[in-house]
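Working notes, structure below.
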Amino acid sequence: MKPERAALSALIAVALSCAAAAADKPPKWDGSRVSPVHRIPLKDELDQEIVPSESYPLPFSARFTCAPCHDYDMVRKGLHFNAGRPDAPSGRPGEPWIWADEGTGTLIPLSYRKWKGVWEPEAVGLTDWDFTRLFGRHLPGGGVSEPREEDVTRDSRWDVSGRIEINCMGCHNASPRQDPSEWARQVMRENFRWAATAAAGLGYVGGIASRLAATWDLFDGPSPDDKEWAVPPSVKYDPSLFDAKHKAFLDISYKPDDGRCLSCHSATSIGEAKHEFDEDVHTASGLRCVSCHRNGIDHEMVRGYEGESKDNDNIDGEDLTCAGCHLGKDAEKGGKGFAGRLGAPFPKHNGFPKVHFERLNCTVCHSGPLPAKEPTRVRAARANRLGIFGIARWATDLPAVFEPLLVRGANGKLAPHRLTWPAFWAETKDGTIVPMKPESVKADAGDILDAAGSVGRVLAALYDIPDLAGTPLLIMSGRAYELNADAGLDASPYADDLAGDNLFWAVRKEGNIFPLVPEIDPDAPEPNTDAEARLLQVLITLGTVPGAPGKPALAVKKALYVVTDGSLEKKDAPEPSARPELVWVRDGKQAPLVADFARRAVLTLTGTDQTLTEEQVALVLTKLGKDHAYVSSGRVFRLNGKGRLEDGSDKAAEPVMWPLAHEVRPARMALGVNGCTDCHKAGSAFLFGRVKGYGPLRTSRVEVRSASSFMGLGRAYQFLFGLSFAVRPLFKGVLLGAAAVVGSLLFLAALLWLGRISGLIGKRS
Amino acid sequence: MLFIAITVLSVLGILFGLTFLRFRAIPAAGEERNAPSRLRNYAGWLGDGARALFDPGIPAKALALYKTWTVRCYPGWRQWVFVALATSFGICAASGFFFAVFVPRGMFGIPLLCHVTAGGLFAVSLAALLLLRAGAYRPDDGPGAEKCDLCPVLKNVPMTYVLTGLFWAFTAAGLVLVVTALLSMLPYLHFGAQIPLLGAHRYGALAALIAAVVFFDLGILPRRG
């Protein structure tokens with residue numbers, strides 16, 4: 001190649017790479033601080049303008065609607081959308097996604113980012129499709145919920161549901177119509193491509209994609225045959241939002257309202273009334289989330305922790321950390337540092353030894369609830385499915401999230417953390433515990449895991465008894481159980497002795513409780529026809545219980561009443577019964593309507609947020625076979641050689657923790673405002689609080705740790721050090737007295753010296 | 001870093017100076033004029049001295065020295081004031097300088113507790129010692145007959161003046177130590193003021209150490225030769 005040509009080629013290559021680099025850079029701001037009015041044509045995913053009056057308009061696509069002005073591919077690299085990208089920085093740990101399955105007692109912390117204690121979704125068998133179905137309710141779109149064609153797995157139904165594009169409106173829609181609950185509902189129906197349109201209030205979306213055949217696609221349009229069940233999703237746009245040229249007015253906010261962030265990023269303590277909740281002091285002062293958590297069009301959002309710029313090359317400096325605003329740049333090194341950004345008050349920290357600023361993050365004293373003997377249990381928006389409103393109860397009690405736990409971070413400083421304990425059934429492979437998918441556990445465990453369900457199914461069936469006119473109840477061990485709206489059981493105290501220790505099926509009418517089946521005496525000369533008629537209804541109804549393990553019957557003394565050809569038949573009971581008892585009869589054997597283990601589980605668990613007993617775990621582990629375990633409350637449970645449940649420790653049972661930064665309390669409510677003894681005293685909650693493992697298994701065998709162990713501090717030393725603060729006021733007095741004596745004598749000596757030099761005092765021989 | 005350099009240099013300098021001046025006072029050593037051989041002799045003398053520290057008779061000699069000193073200056077129960085001051089100062093100096101020089105994080109843990117406790121004892125015993133012994137170091141006392149042979153600069157200065165100066169220098173440094181410790185514990189000074197307080201505490205400790213070492217060498221340790 002000639003030198004000139006080579007030089008030209010090199011020049012072109014450099015120019016092309018510069019052009020490519022320029023394309024990766026966000027556009028420059030023109031300087032206007034005004035946000036433009038967004039009266040724009042909506043476009044669908046085929047890049048066609050949407051005409052709302054058309055018969056079957058498609059949902060709007062953020063990718064094509066926003067694209068003329070905003071670089072969608074650049075936005076996709078942002079913090080909220082890049083977790084699944086291999087080049088995405090992990091950064092400081094954040095809240096993991098928690099795969100919660102109440103029935104199996106599964107709580108697996110997941111993240112695509114490489115954080116300690118979390119499982120990569122792929123490692124536990126979750127595809128992008130699974131992940132989106134599980135967590136799409138709180139996903140902002142993009143990322144794994146918008147997979148590339150080559151990433152699509154065979155189990156998925158992306159062609160039916162569509163991808164979830166980045167939900168720009170989820171954050172930037174200033175309209176009060178923006179509805180995160182509607183988003184969650186649409187995602188749960190697998191109406192992925194329609195969810196943003198419905199949630200933004202641009203139109204009404206009907207139909208349920210999850211019911212459609214896997215072969216359906218967008219071009220098939222509505223179903224002419226099925227208007228009831230498998231109805232393809234469709235949009236009916238609100239015409240009032242469009243002008244004559246079909247341009248829609250979108251009320252776009254450049255800086256999203258806090259409510260948009262809090263939909264996914266809130267945590268509140270359990271038991272606290274909504275009106276008692278104190279918002280973050282920054283919010284109370286007029287700042288918004290995005291005042292500090294800023295981003296450009298690349299959506300590389302500032303998380304605002306110390307060391308972030310080292311974790312993420314795209315974050316310039318750390319001006320928006322606590323110290324960045326309150327102390328100014330390098331103020332800790334002695335300069336003034338231009339503190340007070342956005343009106344941040346400059347903290348004096350009078351009397352605080354320097355070590356506190358070297359070893360503690362600001363949030364230790366200023367954020368989250370004050371340390372207590374046991375950490376505060378909170379519910380977090382994503383972990384506990386908060387912020388989705390409707391008739392059904394979406395919020396969950398588990399996972400149990402606790403705060404604050406003080407843990408040393410990568411910068412060597414303590415920071416308050418939230419903590420949750422993983423729980424899952426597991427296989428041991430090569431000595432390593434690997435979580436099992438809840439479906440496979442359910443398949444092996446059968447009814448063992450569904451104790452409340454076995455009662456609930458009977459109670460639900462009993463509602464169908466003609467002329468029942470009341471609420472069916474199960475009474476046992478002094479409590480009455482009834483079905484609630486979520487198909488669970490509610491328990492209330494029951495004082496009368498209708499049941500004793502046995503199961504007793506009853507009905508509550510107008511506050512009074514009656515036996516479900518009136519008393520029947522098989523030895524009576526005359527049959528009680530009314531009672532037998534009710535019994536017939538009850539037995540027929542029980543025959544409809546899904547998965548019934550046998551034929552329903554009533555065992556009384558030596559008689560057994562069963563339904564034969566629609567009529568009541570009295571037989572000899574295989575096992576005489578002292579009291580009338582409803583039973584299942586199978587292969588000539590009687591079994592109670594509720595199995596004994598299920599009864600014990602209901603007694604133990606109803607009214608708690610826990611879902612498993614040790615007996616159930618042992619039964620399931622027996623079915624799963626050896627090399628299986630159950631993890632809960634920081635312990636690993638296995639069956640020993642004698643078939644008994646024993647617990648041990650394992651890395652997989654360790655709690656997962658992530659730092660918290662909010663709610664920030666005012667300075668006068670910070671830890672230490674009452675003096676050193678807020679933390680430094682023998683038995684202080686700060687150092688000597690206890691953290692107990694908590695999970696779906698109701699057991700006394702839980703991991704218990706001290707707060708100081710999380711900090712990596714010696715308990716004995718901290719106890720001694722704390723004791724020293726009891727005498728510290730005296731110590732200060734002693735020092736003051738000593739200083740006064742020494743200072744006075746030194747002053748006298750200096751006077752003598754001066755007198756000697758000046759000749760006022762003669763020499764002493 | 002500056003403090004570490006100053007500490008190391010000044011402690012080494014003082015130790016070298018004091019030992020060399022003692023070596024020079026030995027008549028045979030003083031006659032040697034050739035510098036390299038004089039240094040060799042000094043090193044040999046220093047080695048002999050170091051070995052002598054492990055001599056089985058050393059504890060008895062130290063006890064005798066202690067008794068001589070306390071009988072003369074701190075008779076009866078008053079010796080315990082001296083013991084308290086010396087012990088507490090020793091603990092504070094050993095822990096403080098070790099962590100200041102060798103541990104970047106600074107002092108923490110049990111050593112910090114010991115340092116603070118010993119610091120309190122130091123403050124009390126310093127005040128008590130001053131009440132008992134300040135009169136012996138009156139700045140307006142006349143000069144004694146003994147001249148200081150510390151170095152050529154102070155050659156004609158009376159020894160009483162030097163010891164009095166060292167006594168009050170130690171006292172002043174001790175006051176700095178007590179006041180800086182006290183101020184850092186009181187809730188009046190903000191973080192920006194605490195950094196120079198720590199610096200003052202450290203330099204006060206260095207000054208007290210130097211004054212104590214020189215005083216011990218000149219006022220307590222007997223001359224040889």
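Residue numbering restarts at 1 for every chain of the structure tokens, chains are lettered A, B, ... in their displayed order, and ligands are numbered from 1 as they appear.
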
Within 10 Å of His680 (chain A) using only C-alpha atoms, minus same-chain residues under 2 positions, as a compact mmCIF listing (two decimals) with N, CA and C atoms, in the first residue's frame:
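Dumped everything to part33.txt:
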# COMPACT_ATOMS: atom_id res chain seq x y z
N GLY A 672 -26.57 10.09 68.58
CA GLY A 672 -25.47 10.83 69.18
C GLY A 672 -25.88 12.19 69.69
N GLY A 675 -25.50 12.53 73.24
CA GLY A 675 -24.16 12.29 73.75
C GLY A 675 -23.62 10.95 73.32
N CYS A 676 -22.42 10.67 73.81
CA CYS A 676 -21.71 9.45 73.40
C CYS A 676 -22.50 8.20 73.76
N THR A 677 -23.25 8.29 74.87
CA THR A 677 -23.90 7.08 75.37
C THR A 677 -25.09 6.64 74.51
N ASP A 678 -25.43 7.41 73.50
CA ASP A 678 -26.41 6.89 72.54
C ASP A 678 -25.91 5.56 71.97
N ALA A 682 -22.65 0.11 78.03
CA ALA A 682 -22.82 -1.34 78.13
C ALA A 682 -24.28 -1.65 77.84
N GLY A 683 -24.49 -2.51 76.88
CA GLY A 683 -25.85 -2.92 76.57
C GLY A 683 -26.57 -2.00 75.60
N SER A 684 -25.85 -1.10 74.93
CA SER A 684 -26.54 -0.20 74.00
C SER A 684 -27.10 -0.98 72.81
N ALA A 685 -28.24 -0.52 72.33
CA ALA A 685 -28.87 -1.19 71.19
C ALA A 685 -27.97 -1.12 69.97
N PHE A 686 -27.23 -0.04 69.85
CA PHE A 686 -26.36 0.17 68.69
C PHE A 686 -25.35 -0.96 68.55
N LEU A 687 -24.74 -1.33 69.68
CA LEU A 687 -23.68 -2.34 69.63
C LEU A 687 -24.13 -3.72 70.06
N GLN A 718 -16.10 -3.65 73.31
CA GLN A 718 -17.13 -2.61 73.23
C GLN A 718 -17.88 -2.50 74.56
N PHE A 719 -18.01 -3.64 75.25
CA PHE A 719 -18.65 -3.60 76.56
C PHE A 719 -17.80 -2.78 77.53
N LEU A 720 -16.49 -3.07 77.54
CA LEU A 720 -15.57 -2.33 78.41
C LEU A 720 -15.56 -0.84 78.06
N PHE A 721 -15.47 -0.61 76.75
CA PHE A 721 -15.41 0.78 76.27
C PHE A 721 -16.70 1.51 76.67
N GLY A 722 -17.81 0.81 76.54
CA GLY A 722 -19.10 1.41 76.93
C GLY A 722 -19.14 1.72 78.40
N LEU A 723 -18.58 0.81 79.20
CA LEU A 723 -18.55 1.05 80.65
C LEU A 723 -17.77 2.32 80.99
N SER A 724 -16.71 2.56 80.19
CA SER A 724 -15.86 3.71 80.50
C SER A 724 -16.65 5.02 80.41
N PHE A 725 -17.73 4.99 79.63
CA PHE A 725 -18.49 6.23 79.49
C PHE A 725 -19.34 6.53 80.72
N ALA A 726 -19.49 5.53 81.59
CA ALA A 726 -20.23 5.78 82.82
C ALA A 726 -19.44 6.71 83.73

Write out, as CSV, each residue of region 2-83 of chain B that has an atom at most 9 Å from region 99-119 of chain B, together with the closest pair of atoms and their distance in Å to one decimal, counting only C-alpha atoms, rows going by chain and rising number.
residue,atom,partner,partner_atom,distance
B:Phe3,CA,B:Val101,CA,8.3
B:Ile4,CA,B:Val101,CA,5.5
B:Ala5,CA,B:Val101,CA,8.8
B:Thr7,CA,B:Val101,CA,8.2
B:Val8,CA,B:Val101,CA,8.4

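The closest residue to Val741 (chain A), picked from B:Val124, B:Ile58, B:Cys92, B:Leu65 and counting only C-alpha atoms, is B:Val124.
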
When you look at Pro233 (chain A) with a cut-off of 9 Å (counting only C-alpha atoms), what residues show up, excluding the ones that are within fewer than 3 positions of it in the same chain? I need them as a PDB file with C-alpha atoms, in the first residue's frame.
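Writing done, so here's part-v7.pdb:
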ATOM      1  CA  ASN A 191     -50.081  -7.668  28.280  1.00  0.00           C
ATOM      2  CA  TRP A 194     -49.932  -2.732  26.237  1.00  0.00           C
ATOM      3  CA  VAL A 205     -56.683  -1.839  27.605  1.00  0.00           C
ATOM      4  CA  GLY A 206     -58.827  -4.959  27.678  1.00  0.00           C
ATOM      5  CA  GLY A 207     -57.990  -8.604  27.051  1.00  0.00           C
ATOM      6  CA  ILE A 208     -55.534 -10.987  28.623  1.00  0.00           C
ATOM      7  CA  ALA A 209     -52.545 -12.145  26.618  1.00  0.00           C
ATOM      8  CA  GLY A 221     -55.859  -9.085  15.811  1.00  0.00           C
ATOM      9  CA  PRO A 222     -58.989  -9.631  17.872  1.00  0.00           C
TER      10      PRO A 222
END

### Query
Please, which residues of chain A lie no more than 8 Å from chain B when the count uses only C-alpha atoms, and can they be set out as an MDAnalysis selection string?
chainID A and resid 332 334 348:354 717 721 731:732 734:736 738:739 741:743 745:746 749:750 752:753 755:756 761:765
